[in-house]
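Quick look at structure06.cif (mmCIF, C-alpha atoms):
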data_final
#
loop_
_atom_site.label_atom_id
_atom_site.label_comp_id
_atom_site.auth_asym_id
_atom_site.auth_seq_id
_atom_site.Cartn_x
_atom_site.Cartn_y
_atom_site.Cartn_z
CA MET Z 141 7.66 23.00 -3.21
CA LEU Z 142 5.54 25.69 -1.57
CA ALA Z 143 2.78 25.14 -4.10
CA ASN Z 144 2.31 21.57 -2.88
CA LYS Z 145 2.72 21.99 0.85
CA TYR Z 146 -0.64 23.50 1.69
CA LEU Z 147 -2.94 21.86 -0.84
CA LEU Z 148 -5.79 19.59 0.10
CA THR Z 149 -6.89 16.43 -1.55
CA ALA Z 150 -8.83 17.54 -4.61
CA ILE Z 151 -12.08 16.15 -5.91
CA VAL Z 152 -13.91 15.74 -9.19
CA ILE Z 153 -16.98 17.95 -9.41
CA THR Z 154 -19.24 17.53 -12.43
CA GLY Z 155 -22.27 19.37 -13.78
CA ILE Z 156 -25.68 17.76 -13.33
CA LEU Z 157 -28.76 17.73 -15.47
CA CYS Z 158 -31.84 19.78 -14.77
CA ALA Z 159 -34.20 17.71 -12.61
CA ALA Z 160 -37.23 18.98 -14.52
CA CYS Z 161 -35.78 18.26 -17.94
CA PRO Z 162 -37.15 15.23 -19.82
CA ASP Z 163 -33.87 13.90 -21.16
CA ALA Z 164 -30.12 14.12 -20.78
CA ASP Z 165 -29.73 16.28 -23.88
CA ALA Z 166 -31.59 19.19 -22.28
CA ILE Z 167 -30.24 21.85 -19.95
CA ARG Z 168 -27.08 21.08 -18.04
CA ILE Z 169 -26.62 23.00 -14.81
CA PRO Z 170 -23.06 24.40 -14.68
CA LYS Z 171 -20.87 23.37 -11.78
CA ASN Z 172 -20.11 25.96 -9.10
CA ASP Z 173 -22.95 28.32 -10.01
CA PHE Z 174 -23.69 29.97 -6.65
CA ASP Z 175 -25.99 32.75 -7.89
CA GLY Z 176 -28.06 30.80 -10.43
CA ASP Z 177 -27.21 32.81 -13.53
CA GLY Z 178 -26.07 29.81 -15.58
CA LEU Z 179 -22.35 30.67 -15.29
CA SER Z 180 -19.72 28.90 -13.22
CA ASP Z 181 -18.19 31.09 -10.52
CA ILE Z 182 -14.62 31.10 -9.21
CA GLY Z 183 -13.60 30.85 -5.58
CA CYS Z 184 -11.20 29.35 -3.07
CA TYR Z 185 -11.10 27.71 0.36
CA ASP Z 186 -8.72 28.23 3.27
CA ALA Z 187 -8.97 25.39 5.78
CA ILE Z 188 -6.02 26.52 7.90
CA GLY Z 189 -6.90 30.16 8.46
CA LEU Z 190 -3.96 31.99 6.94
CA TYR Z 191 -3.28 35.75 7.01
CA SER Z 192 -5.56 36.25 10.05
CA GLN Z 193 -8.54 34.64 8.30
CA PRO Z 194 -10.58 32.11 10.31
CA PRO Z 195 -10.15 28.40 9.46
CA GLY Z 196 -12.77 27.26 6.98
CA SER Z 197 -12.89 30.53 5.02
CA TRP Z 198 -14.62 30.49 1.62
CA PHE Z 199 -14.18 33.32 -0.90
CA ILE Z 200 -16.40 33.24 -4.00
CA MET Z 201 -16.64 35.70 -6.89
CA GLN Z 202 -20.13 35.25 -8.30
CA SER Z 203 -20.52 36.22 -11.94
CA THR Z 204 -23.72 38.22 -11.31
CA SER Z 205 -24.10 38.74 -7.55
CA GLY Z 206 -20.49 39.69 -6.85
CA PHE Z 207 -18.18 38.78 -3.99
CA LEU Z 208 -19.30 36.35 -1.28
CA SER Z 209 -17.41 35.12 1.77
CA LYS Z 210 -18.42 32.47 4.29
CA THR Z 211 -16.84 30.69 7.22
CA PHE Z 212 -17.72 27.01 7.23
CA GLY Z 213 -15.26 24.24 8.07
CA TYR Z 214 -12.11 23.73 10.09
CA LYS Z 215 -8.47 22.66 9.81
CA LYS Z 216 -7.64 19.60 7.69
CA THR Z 217 -11.12 19.39 6.17
CA ILE Z 218 -11.40 18.85 2.42
CA PRO Z 219 -13.72 21.22 0.51
CA PHE Z 220 -16.31 20.11 -2.02
CA THR Z 221 -19.25 21.70 -3.82
CA GLY Z 222 -22.44 20.45 -5.46
CA ASN Z 223 -26.19 20.96 -5.79
CA PHE Z 224 -27.29 18.88 -2.81
CA ASP Z 225 -30.83 20.20 -2.34
CA GLY Z 226 -31.90 20.27 -5.98
CA ASP Z 227 -32.49 24.04 -6.27
CA SER Z 228 -29.99 24.48 -9.13
CA LEU Z 229 -27.65 26.50 -6.88
CA SER Z 230 -24.26 25.16 -5.83
CA ASP Z 231 -23.74 24.45 -2.14
CA ILE Z 232 -20.50 24.28 -0.14
CA GLY Z 233 -19.31 21.51 2.12
CA CYS Z 234 -16.28 19.96 3.77
CA TYR Z 235 -15.19 16.41 4.61
CA ASP Z 236 -13.18 15.26 7.62
CA ALA Z 237 -11.86 11.77 6.91
CA ILE Z 238 -9.58 11.74 9.95
CA GLY Z 239 -11.98 12.76 12.71
CA LEU Z 240 -10.65 15.96 14.27
CA TYR Z 241 -11.83 18.19 17.13
CA SER Z 242 -13.87 15.34 18.66
CA GLN Z 243 -15.70 14.67 15.37
CA PRO Z 244 -15.96 11.05 14.19
CA PRO Z 245 -13.89 9.94 11.18
CA GLY Z 246 -15.82 10.37 7.95
CA SER Z 247 -17.70 13.51 9.00
CA TRP Z 248 -19.54 15.40 6.26
CA PHE Z 249 -20.78 18.99 6.70
CA ILE Z 250 -22.88 20.66 3.98
CA MET Z 251 -24.43 24.13 3.88
CA GLN Z 252 -27.29 23.91 1.38
CA SER Z 253 -28.53 27.11 -0.25
CA THR Z 254 -32.21 26.31 0.34
CA SER Z 255 -32.40 23.43 2.82
CA GLY Z 256 -29.75 24.65 5.23
CA PHE Z 257 -27.23 22.69 7.25
CA LEU Z 258 -26.71 18.94 6.76
CA SER Z 259 -24.26 16.57 8.43
CA LYS Z 260 -23.60 12.86 7.88
CA THR Z 261 -21.04 10.36 9.08
CA PHE Z 262 -19.62 7.70 6.80
CA GLY Z 263 -16.09 7.11 5.57
CA TYR Z 264 -12.75 6.70 7.27
CA HIS Z 265 -9.14 7.84 7.32
CA GLY Z 266 -7.47 7.53 3.91
CA THR Z 267 -10.61 8.14 1.84
CA VAL Z 268 -11.12 11.14 -0.46
CA PRO Z 269 -14.48 12.75 -1.30
CA VAL Z 270 -16.32 12.43 -4.62
CA VAL Z 271 -19.45 14.26 -5.80
CA GLY Z 272 -21.92 13.45 -8.57
CA ASP Z 273 -25.56 12.67 -9.36
CA PHE Z 274 -25.26 8.89 -9.11
CA ASP Z 275 -29.01 8.10 -9.12
CA GLY Z 276 -30.10 10.56 -11.81
CA ASP Z 277 -32.63 12.53 -9.72
CA GLY Z 278 -31.13 15.95 -10.48
CA THR Z 279 -29.56 16.28 -7.03
CA ASP Z 280 -25.88 15.74 -6.34
CA ASP Z 281 -24.82 12.87 -4.12
CA TYR Z 282 -21.60 12.59 -2.16
CA GLY Z 283 -19.29 9.76 -1.26
CA CYS Z 284 -15.69 8.73 -0.80
CA TYR Z 285 -13.05 6.61 -2.53
CA ASP Z 286 -10.31 4.47 -1.01
CA ALA Z 287 -7.74 3.59 -3.65
CA ASN Z 288 -5.23 2.00 -1.32
CA GLY Z 289 -7.35 -0.24 0.88
CA ASN Z 290 -7.17 1.44 4.26
CA MET Z 291 -8.65 0.09 7.50
CA GLY Z 292 -8.75 -3.44 6.12
CA GLN Z 293 -11.00 -2.54 3.17
CA PRO Z 294 -10.13 -3.70 -0.37
CA PRO Z 295 -8.30 -1.26 -2.66
CA GLY Z 296 -10.66 0.62 -4.95
CA SER Z 297 -13.55 0.87 -2.48
CA TRP Z 298 -16.34 3.39 -3.20
CA TYR Z 299 -19.00 4.49 -0.67
CA ILE Z 300 -21.85 6.63 -2.04
CA MET Z 301 -24.80 8.30 -0.26
CA GLN Z 302 -27.46 8.74 -2.96
CA SER Z 303 -30.25 11.25 -2.36
CA THR Z 304 -33.00 8.93 -3.67
CA LYS Z 305 -31.61 5.40 -3.57
CA GLY Z 306 -29.66 5.63 -0.31
CA PHE Z 307 -26.28 4.17 0.57
CA SER Z 308 -24.33 1.99 -1.88
CA THR Z 309 -20.84 0.53 -2.09
CA TYR Z 310 -18.72 -0.56 -5.03
CA ASN Z 311 -15.28 -2.06 -5.56
CA PHE Z 312 -13.58 -0.69 -8.64
CA GLY Z 313 -9.99 0.53 -8.90
CA TYR Z 314 -6.64 -0.25 -7.35
CA TYR Z 315 -3.67 1.09 -5.44
CA GLY Z 316 -2.44 4.52 -6.52
CA THR Z 317 -5.39 5.48 -8.74
CA VAL Z 318 -7.24 8.80 -8.59
CA PRO Z 319 -11.07 8.92 -8.74
CA ILE Z 320 -12.94 10.64 -11.58
CA VAL Z 321 -16.69 11.34 -11.84
CA GLY Z 322 -18.78 12.40 -14.84
CA ASP Z 323 -21.68 11.43 -17.09
CA PHE Z 324 -19.56 9.65 -19.68
CA ASP Z 325 -22.41 7.95 -21.57
CA GLY Z 326 -24.93 10.83 -21.58
CA ASP Z 327 -27.76 9.05 -19.74
CA GLY Z 328 -28.17 11.73 -17.05
CA ILE Z 329 -26.50 9.61 -14.37
CA ASP Z 330 -22.96 10.30 -13.26
CA ASP Z 331 -20.46 7.48 -13.67
CA PHE Z 332 -17.33 6.79 -11.70
CA GLY Z 333 -13.86 5.76 -12.71
CA CYS Z 334 -10.20 6.09 -11.89
CA TYR Z 335 -6.97 7.30 -13.49
CA ASP Z 336 -3.49 5.87 -13.07
CA ALA Z 337 -0.88 8.36 -14.29
CA TYR Z 338 2.07 6.41 -12.91
CA GLY Z 339 1.43 2.86 -14.11
CA ASN Z 340 0.91 1.05 -10.83
CA LEU Z 341 0.68 -2.73 -10.44
CA GLY Z 342 2.17 -3.30 -13.88
CA GLN Z 343 -0.42 -1.22 -15.78
CA PRO Z 344 0.76 1.28 -18.41
CA PRO Z 345 1.05 4.92 -17.32
CA GLY Z 346 -1.99 6.96 -18.31
CA SER Z 347 -4.53 4.17 -17.75
CA TRP Z 348 -8.20 5.13 -17.48
CA TYR Z 349 -10.95 2.83 -16.14
CA ILE Z 350 -14.60 3.97 -16.32
CA MET Z 351 -17.76 2.20 -15.16
CA GLN Z 352 -20.65 3.74 -17.09
CA SER Z 353 -24.19 3.37 -15.77
CA THR Z 354 -25.61 2.45 -19.20
CA ASN Z 355 -22.68 1.50 -21.43
CA GLY Z 356 -20.73 -0.52 -18.88
CA PHE Z 357 -16.99 -0.83 -18.44
CA SER Z 358 -14.45 0.92 -20.69
CA THR Z 359 -10.71 1.49 -20.58
CA TYR Z 360 -8.39 3.96 -22.33
CA ASN Z 361 -4.70 4.69 -22.34
CA PHE Z 362 -3.37 8.21 -22.74
CA GLY Z 363 -1.41 10.38 -20.37
CA TYR Z 364 1.85 9.98 -18.49
CA TYR Z 365 3.69 10.50 -15.22
CA GLY Z 366 2.98 13.83 -13.55
CA THR Z 367 -0.37 14.51 -15.24
CA VAL Z 368 -3.59 14.99 -13.27
CA PRO Z 369 -7.09 14.13 -14.52
CA VAL Z 370 -9.74 16.65 -15.58
CA VAL Z 371 -13.41 16.08 -16.40
CA GLY Z 372 -15.93 18.28 -18.26
CA ASP Z 373 -18.09 18.57 -21.35
CA PHE Z 374 -15.54 20.22 -23.61
CA ASP Z 375 -17.37 19.82 -26.93
CA GLY Z 376 -20.88 20.73 -25.74
CA ASP Z 377 -22.62 17.47 -26.67
CA GLY Z 378 -24.06 16.79 -23.20
CA ILE Z 379 -21.56 14.02 -22.49
CA ASP Z 380 -18.65 14.50 -20.12
CA ASP Z 381 -15.16 14.13 -21.54
CA PHE Z 382 -11.97 13.30 -19.68
CA GLY Z 383 -8.35 14.30 -20.01
CA CYS Z 384 -5.23 15.26 -18.14
CA TYR Z 385 -3.18 18.35 -17.36
CA ASP Z 386 0.59 18.65 -17.02
CA ALA Z 387 1.43 21.94 -15.31
CA ASN Z 388 5.12 21.23 -14.85
CA GLY Z 389 6.13 19.97 -18.28
CA ASN Z 390 7.07 16.37 -17.59
CA LEU Z 391 8.80 14.04 -20.03
CA GLY Z 392 9.90 16.93 -22.22
CA GLN Z 393 6.40 18.32 -22.80
CA PRO Z 394 5.76 22.07 -22.47
CA GLN Z 395 4.42 23.44 -19.20
CA GLY Z 396 0.63 23.76 -19.16
CA SER Z 397 -0.06 20.86 -21.53
CA TRP Z 398 -3.68 19.63 -21.78
CA TYR Z 399 -4.78 16.34 -23.38
CA ILE Z 400 -8.56 15.85 -23.77
CA MET Z 401 -10.55 12.91 -25.20
CA GLN Z 402 -13.82 14.47 -26.40
CA SER Z 403 -16.84 12.21 -26.93
CA THR Z 404 -17.83 13.83 -30.24
CA ASN Z 405 -14.87 15.89 -31.47
CA GLY Z 406 -12.16 13.36 -30.60
CA PHE Z 407 -8.70 13.98 -29.18
CA MET Z 408 -7.60 17.55 -28.45
CA THR Z 409 -4.40 19.08 -27.09
CA LYS Z 410 -3.76 22.60 -25.84
CA THR Z 411 -0.93 24.45 -24.14
CA PHE Z 412 -2.20 26.83 -21.50
CA GLY Z 413 -0.80 27.37 -18.00
CA TYR Z 414 2.53 27.05 -16.24
CA LYS Z 415 4.39 25.27 -13.45
CA GLY Z 416 2.69 25.41 -10.07
CA THR Z 417 -0.85 25.99 -11.38
CA LEU Z 418 -3.85 23.75 -10.70
CA PRO Z 419 -6.50 22.91 -13.32
CA VAL Z 420 -10.02 24.32 -12.85
CA ILE Z 421 -13.01 23.42 -14.99
CA GLY Z 422 -16.36 25.17 -15.47
CA ASP Z 423 -18.70 26.81 -17.95
CA TYR Z 424 -17.53 30.36 -17.26
CA ASP Z 425 -19.22 31.95 -20.30
CA GLY Z 426 -22.54 30.09 -20.17
CA ASP Z 427 -22.41 28.62 -23.66
CA GLY Z 428 -23.00 25.03 -22.56
CA THR Z 429 -19.39 24.00 -23.10
CA ASP Z 430 -16.94 23.59 -20.24
CA ASP Z 431 -13.85 25.80 -20.30
CA LEU Z 432 -10.26 25.14 -19.25
CA GLY Z 433 -8.60 27.21 -16.58
CA CYS Z 434 -5.80 27.20 -14.03
CA TYR Z 435 -5.24 28.74 -10.60
CA ASP Z 436 -1.97 29.90 -9.08
CA ALA Z 437 -2.44 30.35 -5.33
CA ASP Z 438 1.21 30.91 -4.55
CA GLY Z 439 2.36 33.35 -7.21
CA ASN Z 440 4.72 31.28 -9.34
CA LEU Z 441 6.92 32.67 -12.11
CA GLY Z 442 6.51 36.21 -10.84
CA GLN Z 443 2.71 36.21 -11.04
CA PRO Z 444 0.64 37.58 -8.12
CA PRO Z 445 -0.76 35.02 -5.63
CA GLY Z 446 -4.37 34.10 -6.33
CA SER Z 447 -4.11 34.39 -10.12
CA TRP Z 448 -6.87 32.82 -12.25
CA TYR Z 449 -6.53 32.17 -15.98
CA ILE Z 450 -9.67 31.01 -17.83
CA MET Z 451 -9.77 30.10 -21.52
CA LYS Z 452 -13.43 30.55 -22.41
CA SER Z 453 -14.74 28.59 -25.38
CA SER Z 454 -16.68 31.67 -26.55
CA GLY Z 455 -14.91 34.66 -25.03
CA GLY Z 456 -11.20 33.76 -25.08
CA LEU Z 457 -8.70 34.30 -22.26
CA THR Z 458 -9.66 36.13 -19.08
CA THR Z 459 -7.51 36.72 -16.00
CA THR Z 460 -8.63 37.52 -12.46
CA GLN Z 461 -6.86 37.86 -9.14
CA MET Z 462 -8.68 36.51 -6.10
CA GLY Z 463 -7.17 34.36 -3.36
CA TYR Z 464 -3.86 33.98 -1.64
CA PHE Z 465 -1.08 31.58 -0.73
CA GLY Z 466 -2.32 28.26 0.66
CA THR Z 467 -5.90 28.43 -0.66
CA ILE Z 468 -7.38 25.70 -2.81
CA PRO Z 469 -9.69 26.62 -5.71
CA ILE Z 470 -13.27 25.50 -6.18
CA GLY Z 471 -13.76 24.11 -9.66
CA LEU Z 472 -10.64 22.05 -9.15
CA SER Z 473 -10.83 18.90 -11.16
CA SER Z 474 -9.10 15.96 -9.51
CA SER Z 475 -5.46 16.80 -8.74
CA GLY Z 476 -4.46 13.32 -8.05
CA GLU Z 477 -2.58 14.20 -4.96
CA SER Z 478 -3.24 14.22 -1.21
CA TYR Z 479 -1.66 17.28 0.31
CA ASP Z 480 -2.88 17.74 3.85
CA GLN Z 481 -3.07 21.29 5.17
CA ASP Z 482 -1.35 21.55 8.53
CA ARG Z 483 -0.24 17.92 8.07
CA SER Z 484 1.63 16.37 11.00
CA VAL Z 485 4.73 14.39 10.02
CA THR Z 486 7.56 12.56 11.72
CA GLY Z 487 11.07 13.60 10.67
CA PRO Z 488 11.73 15.77 7.60
CA ASP Z 489 8.67 16.44 5.44
CA LEU Z 490 9.14 14.33 2.30
CA GLN Z 491 5.67 14.83 0.78
CA GLY Z 492 5.65 15.75 -2.90
CA LYS Z 493 7.45 15.25 -6.22
CA TRP Z 494 11.05 14.07 -6.57
CA ARG Z 495 13.51 13.27 -9.36
CA GLY Z 496 16.71 11.30 -9.29
CA LYS Z 497 18.31 8.03 -10.27
CA TYR Z 498 18.12 4.30 -9.77
CA TYR Z 499 21.33 2.35 -10.04
CA ILE Z 500 22.99 -0.96 -9.30
CA ASN Z 501 26.13 -0.47 -7.23
CA ASN Z 502 28.66 -3.18 -6.39
CA THR Z 503 32.18 -3.25 -4.97
CA ARG Z 504 33.74 -2.36 -8.32
CA LEU Z 505 31.56 0.81 -8.31
CA ASP Z 506 30.25 0.23 -11.82
CA ARG Z 507 26.70 1.53 -12.11
CA LYS Z 508 23.74 0.85 -14.36
CA LEU Z 509 22.05 4.22 -13.97
CA GLN Z 510 18.45 5.02 -14.86
CA GLN Z 511 16.72 8.36 -14.43
CA VAL Z 512 13.56 8.14 -12.32
CA ALA Z 513 10.74 10.36 -11.15
CA ALA Z 514 8.97 9.71 -7.88
CA SER Z 515 6.12 10.84 -5.69
CA VAL Z 516 6.17 10.56 -1.91
CA SER Z 517 3.21 10.39 0.45
CA HIS Z 518 4.18 11.25 4.03
CA VAL Z 519 1.61 11.37 6.84
CA GLY Z 520 2.72 10.92 10.44
CA ASN Z 521 5.50 8.33 10.41
CA LYS Z 522 4.12 6.53 7.33
CA ILE Z 523 5.94 6.79 4.01
CA ILE Z 524 4.96 5.61 0.51
CA ILE Z 525 7.52 6.14 -2.30
CA LYS Z 526 6.34 5.49 -5.88
CA THR Z 527 8.95 5.59 -8.64
CA SER Z 528 8.81 5.45 -12.43
CA LYS Z 529 11.71 3.03 -12.95
CA PRO Z 530 11.29 1.29 -16.35
CA GLY Z 531 9.36 -1.93 -15.93
CA THR Z 532 7.14 -2.19 -12.91
CA GLY Z 533 8.76 0.66 -10.99
CA HIS Z 534 8.82 0.58 -7.22
CA ILE Z 535 6.23 1.15 -4.54
CA LEU Z 536 8.05 1.28 -1.22
CA GLU Z 537 5.93 1.41 1.92
CA GLY Z 538 7.09 1.77 5.50
CA LYS Z 539 7.96 4.13 8.31
CA ILE Z 540 10.35 6.99 9.05
CA ASN Z 541 11.67 8.00 12.46
CA LYS Z 542 12.24 11.51 13.79
CA TYR Z 543 15.85 11.51 12.56
CA GLY Z 544 14.88 10.73 8.94
CA TYR Z 545 15.75 7.02 8.92
CA MET Z 546 13.40 4.87 6.82
CA LEU Z 547 12.63 1.15 6.82
CA LEU Z 548 10.51 0.12 3.82
CA THR Z 549 9.05 -2.90 2.00
CA ASP Z 550 8.71 -3.20 -1.79
CA TYR Z 551 5.02 -3.70 -2.66
CA TYR Z 552 5.86 -6.02 -5.57
CA ASP Z 553 8.57 -8.42 -4.37
CA LYS Z 554 8.39 -7.77 -0.60
CA GLU Z 555 12.13 -6.99 -0.49
CA LEU Z 556 13.24 -4.80 2.40
CA TRP Z 557 14.74 -1.35 1.77
CA SER Z 558 16.25 1.17 4.17
CA SER Z 559 17.95 4.55 4.32
CA PHE Z 560 21.42 4.53 2.77
CA TYR Z 561 24.45 6.77 3.37
CA GLY Z 562 22.80 8.72 6.17
CA VAL Z 563 19.25 9.89 6.78
CA ALA Z 564 16.76 11.84 4.69
CA ASP Z 565 16.44 15.60 4.72
CA ASP Z 566 13.84 17.89 3.14
CA ASP Z 567 15.55 18.00 -0.26
CA HIS Z 568 17.56 14.79 -0.68
CA PHE Z 569 17.65 11.14 0.39
CA LEU Z 570 18.84 7.67 -0.62
CA VAL Z 571 17.26 4.29 0.01
CA ALA Z 572 18.75 0.91 -0.82
CA ASP Z 573 17.63 -2.68 -1.15
CA TYR Z 574 18.05 -3.93 2.42
CA LEU Z 575 21.73 -3.70 3.39
CA ASN Z 576 21.91 -7.32 4.48
CA ASP Z 577 21.46 -8.29 0.83
CA TYR Z 578 24.81 -6.66 0.04
CA ASN Z 579 27.63 -9.17 0.32
CA LYS Z 580 31.11 -7.84 -0.44
CA SER Z 581 32.67 -11.27 -0.63
CA THR Z 582 30.27 -12.41 -3.37
CA ASN Z 583 30.14 -9.01 -5.03
CA LYS Z 584 26.34 -9.12 -4.97
CA ALA Z 585 24.62 -6.07 -6.48
CA LEU Z 586 22.96 -3.45 -4.30
CA ALA Z 587 20.00 -1.48 -5.72
CA VAL Z 588 19.93 2.21 -4.78
CA ILE Z 589 17.38 4.98 -5.36
CA GLU Z 590 18.68 8.53 -4.88
CA LEU Z 591 16.20 11.40 -5.06
CA TRP Z 592 16.23 15.19 -4.99
CA ARG Z 593 13.26 17.48 -4.45
CA GLU Z 594 11.67 18.48 -7.80
#

Mind turning this structure into structure tokens?
Amino acid sequence: MLANKYLLTAIVITGILCAACPDADAIRIPKNDFDGDGLSDIGCYDAIGLYSQPPGSWFIMQSTSGFLSKTFGYKKTIPFTGNFDGDSLSDIGCYDAIGLYSQPPGSWFIMQSTSGFLSKTFGYHGTVPVVGDFDGDGTDDYGCYDANGNMGQPPGSWYIMQSTKGFSTYNFGYYGTVPIVGDFDGDGIDDFGCYDAYGNLGQPPGSWYIMQSTNGFSTYNFGYYGTVPVVGDFDGDGIDDFGCYDANGNLGQPQGSWYIMQSTNGFMTKTFGYKGTLPVIGDYDGDGTDDLGCYDADGNLGQPPGSWYIMKSSGGLTTTQMGYFGTIPIGLSSSGESYDQDRSVTGPDLQGKWRGKYYINNTRLDRKLQQVAASVSHVGNKIIIKTSKPGTGHILEGKINKYGYMLLTDYYDKELWSSFYGVADDDHFLVADYLNDYNKSTNKALAVIELWRE
């Protein structure tokens, strides 16, 4: 529970191609290379300012130039990195979708290694940042994705600021999906796509949708509830691959399970990591192949906070300790979750992963019980509960009051649901198909979802 509370919305960060190189099969610049030695570096970001550090603290361990710290950003901003001035060095930045401290919603702040400070305004509350070279000029572009259709926009809205071609918008994706970015067809232009681990809107869990700049639209199905997407060139062919990571061991799989679809070498699985870790991707040994890694900010399973574990494709396993509770790693491939640091909520904080049961309860107390997993988004007084009930599952949207009472609407059938047998607390709650549907005289069934904190 602590591992989730202070995490920010994560982004997909992909390597770009050398601007001076004649084709996409030439030199690929590793992601998060802050000292220009051709190796990805590790680091973390603290938006809150924990342990007497200032808000917006960056801590980076460069593979050649050593330790670097910077202060750039403020509370509730989302960190991102990329090569935004085309000098082959990674830059740092932060995104404020909400509009805090008198800044407008959709504020971007970038500290470029050569060109200095840059700020832009586009985006709005509910969007998450994405980074990639979307026009193929060798310079990273930045943009945002709105899966859920906030502020009256359609679900699956993309807004991209390209360094050469300017501003562009796309509509691709749907409610509950997580954005992914990578060069999936090897043409030197980053593509965008989305991943649906949960099976929203009747789609199968583990659905992938990719819009390639040259090869067009493609779909895949692998993955399952509780996995998060990762992107990188894992077989060294110059084409980004995609996969998913299961830190917690869902559906009976071991903790730290990786599932990768490689463009040349095909499907690959590995077991590496443990519950509470986050996936990080980079070329940490400089061999042109991206490596798998995981970061444990909070010190799970008796490990020290700020533990890094990198499985290098050439050099094997390395471990490092740098960071502390509440920091988010750079090199984080998309986590698929929106955890807001210092997030303001009404009532008990229900954000995170839950497990429990769905059952039909009538006056004779016979029950058709099904085990379910669920994720809850809780910002302010707004609640979204997504469950994995067999079939379509449920997406319940609504509000919670300061006492923990919820009033919700089912996204699919528009049925009303509400709190049942009391109000929610931090670790347990029940919701039921709206109580007026329950008629003792006719013995009509009442649907109930009961959940406990995972």

Please determine, counting all atoms listed in the file, which residue among Z:Phe407, Z:Tyr499, Z:Phe274, Z:Trp494 has the shortest atom-to-atom distance to Z:Asn390.
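Among the listed residues, the smallest separation from Z:Asn390 belongs to Z:Trp494.
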
Stretch 332-352 of chain Z residues near stretch 369-381 of chain Z within 10 Å, closest pair each, using all atoms listed in the file, as a Markdown table:
| residue | atom | partner | partner_atom | distance |
| --- | --- | --- | --- | --- |
| Z:Cys334 | CA | Z:Pro369 | CA | 9.0 |
| Z:Tyr335 | CA | Z:Pro369 | CA | 6.9 |
| Z:Asp336 | CA | Z:Pro369 | CA | 9.1 |
| Z:Ala337 | CA | Z:Pro369 | CA | 8.5 |
| Z:Gly346 | CA | Z:Pro369 | CA | 9.6 |
| Z:Trp348 | CA | Z:Pro369 | CA | 9.5 |

Residues within 8 Å of Z:His518, all atoms listed in the file, excluding chain neighbours under 3 positions, as number ranges by chain:
Z: 485, 489-491, 521-524

Any chance you could work out the residue set of the PyMOL selection byres ((chain Z and resi 213) around 6) here, as a list in words?
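Evaluating the PyMOL selection byres ((chain Z and resi 213) around 6) on these coordinates yields Gly196, Phe212 and Tyr214 of chain Z.
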
I need the output of the PyMOL selection byres ((chain Z and resi 247-255) around 8) for this file as a list of chain:residue names; which residues are they?
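Selected by the PyMOL selection byres ((chain Z and resi 247-255) around 8) in this file: Z:Gly213, Z:Asn223, Z:Phe224, Z:Asp225, Z:Asp227, Z:Leu229, Z:Ser230, Z:Asp231, Z:Ile232, Z:Gly233, Z:Cys234, Z:Tyr235, Z:Asp236, Z:Ala237, Z:Gly239, Z:Gln243, Z:Pro244, Z:Pro245, Z:Gly246, Z:Gly256, Z:Phe257, Z:Leu258, Z:Ser259, Z:Lys260, Z:Thr261, Z:Phe262, Z:Gly263.
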
Pick out the residues sitting within 9 Å of Z:Ile350, and hand them over as number ranges by chain; count only C-alpha atoms, and ignore anything fewer than 5 positions along from it in its own chain.
Z: 320-321, 324, 331-335, 356-360

Where does the PyMOL selection byres ((chain Z and resi 467) around 10) land in this file, that is, which residues does it pick, as a PyMOL selection string?
chain Z and resi 143+146-148+183-190+197-199+435-438+445-446+463-466+468-470+481

Distance of atom CA of Z:Asn290 from atom CA of Z:Gln302, expressed in Å to one decimal place
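About the pair atom CA of Z:Gln302 and atom CA of Z:Asn290: they are 22.7 Å apart.
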
The residues within 6 Å of (-13.6, 26.7, -12.9), using only C-alpha atoms and the coordinates of the file, should be reported as a list of chain:residue names; which are they?
Z:Ile182, Z:Val420, Z:Ile421, Z:Gly422, Z:Gly471

For Z:Gly389, find every residue with an atom within 10 Å (counting all atoms listed in the file), except residues of its own chain fewer than 3 positions away, and show them as a VMD selection string.
chain Z and resid 366 to 367 385 to 386 392 to 397 414 to 415

Which is closest to Z:Gly496 among Z:Tyr551, Z:Tyr315, Z:Tyr299, Z:Phe569, if we use all atoms listed in the file?
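Selected residue with least distance to Z:Gly496: Z:Phe569.
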
Once 6 Å is added on each side, what are the centre and the three edge lengths, in Å to one decimal, of the axis-aligned box enclosing the listed atoms of stretch 279-282 of chain Z? Present them as AutoDock Vina command-line options.
--center_x -25.6 --center_y 14.4 --center_z -4.6 --size_x 20.0 --size_y 15.7 --size_z 16.9

So the first atom is atom CA of Z:Tyr310 and the second is atom CA of Z:Asn361; what is the distance between them in Å, to one decimal place?
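Between atom CA of Z:Tyr310 and atom CA of Z:Asn361 the gap works out to 22.9 Å.
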
Between Z:Trp592, Z:Tyr282, Z:Tyr424, Z:Phe362, which is the closest to Z:Trp398 once you count all atoms listed in the file?
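For Z:Trp398, the nearest of the candidates is Z:Phe362.
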
Report as an MDAnalysis selection string all protein, DNA and RNA residues lying within 10 Å of Z:Asp177, evaluated on all atoms listed in the file, omitting residues in the same chain fewer than 6 positions from it.
chainID Z and resid 169:170 202:205 228:229 426

Could you please determine the separation between atom CA of Z:Asp277 and atom CA of Z:Ser353 in Å, to one decimal place?
13.8 Å

Report as a list in words all protein, DNA and RNA residues lying within 12 Å of Z:Pro294, evaluated on all atoms listed in the file, omitting residues in the same chain fewer than 6 positions from it.
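So the residues in contact are Tyr285, Asp286, Ala287, Asn288, Thr309, Tyr310, Asn311, Phe312, Gly313, Tyr314 and Tyr315 of chain Z.
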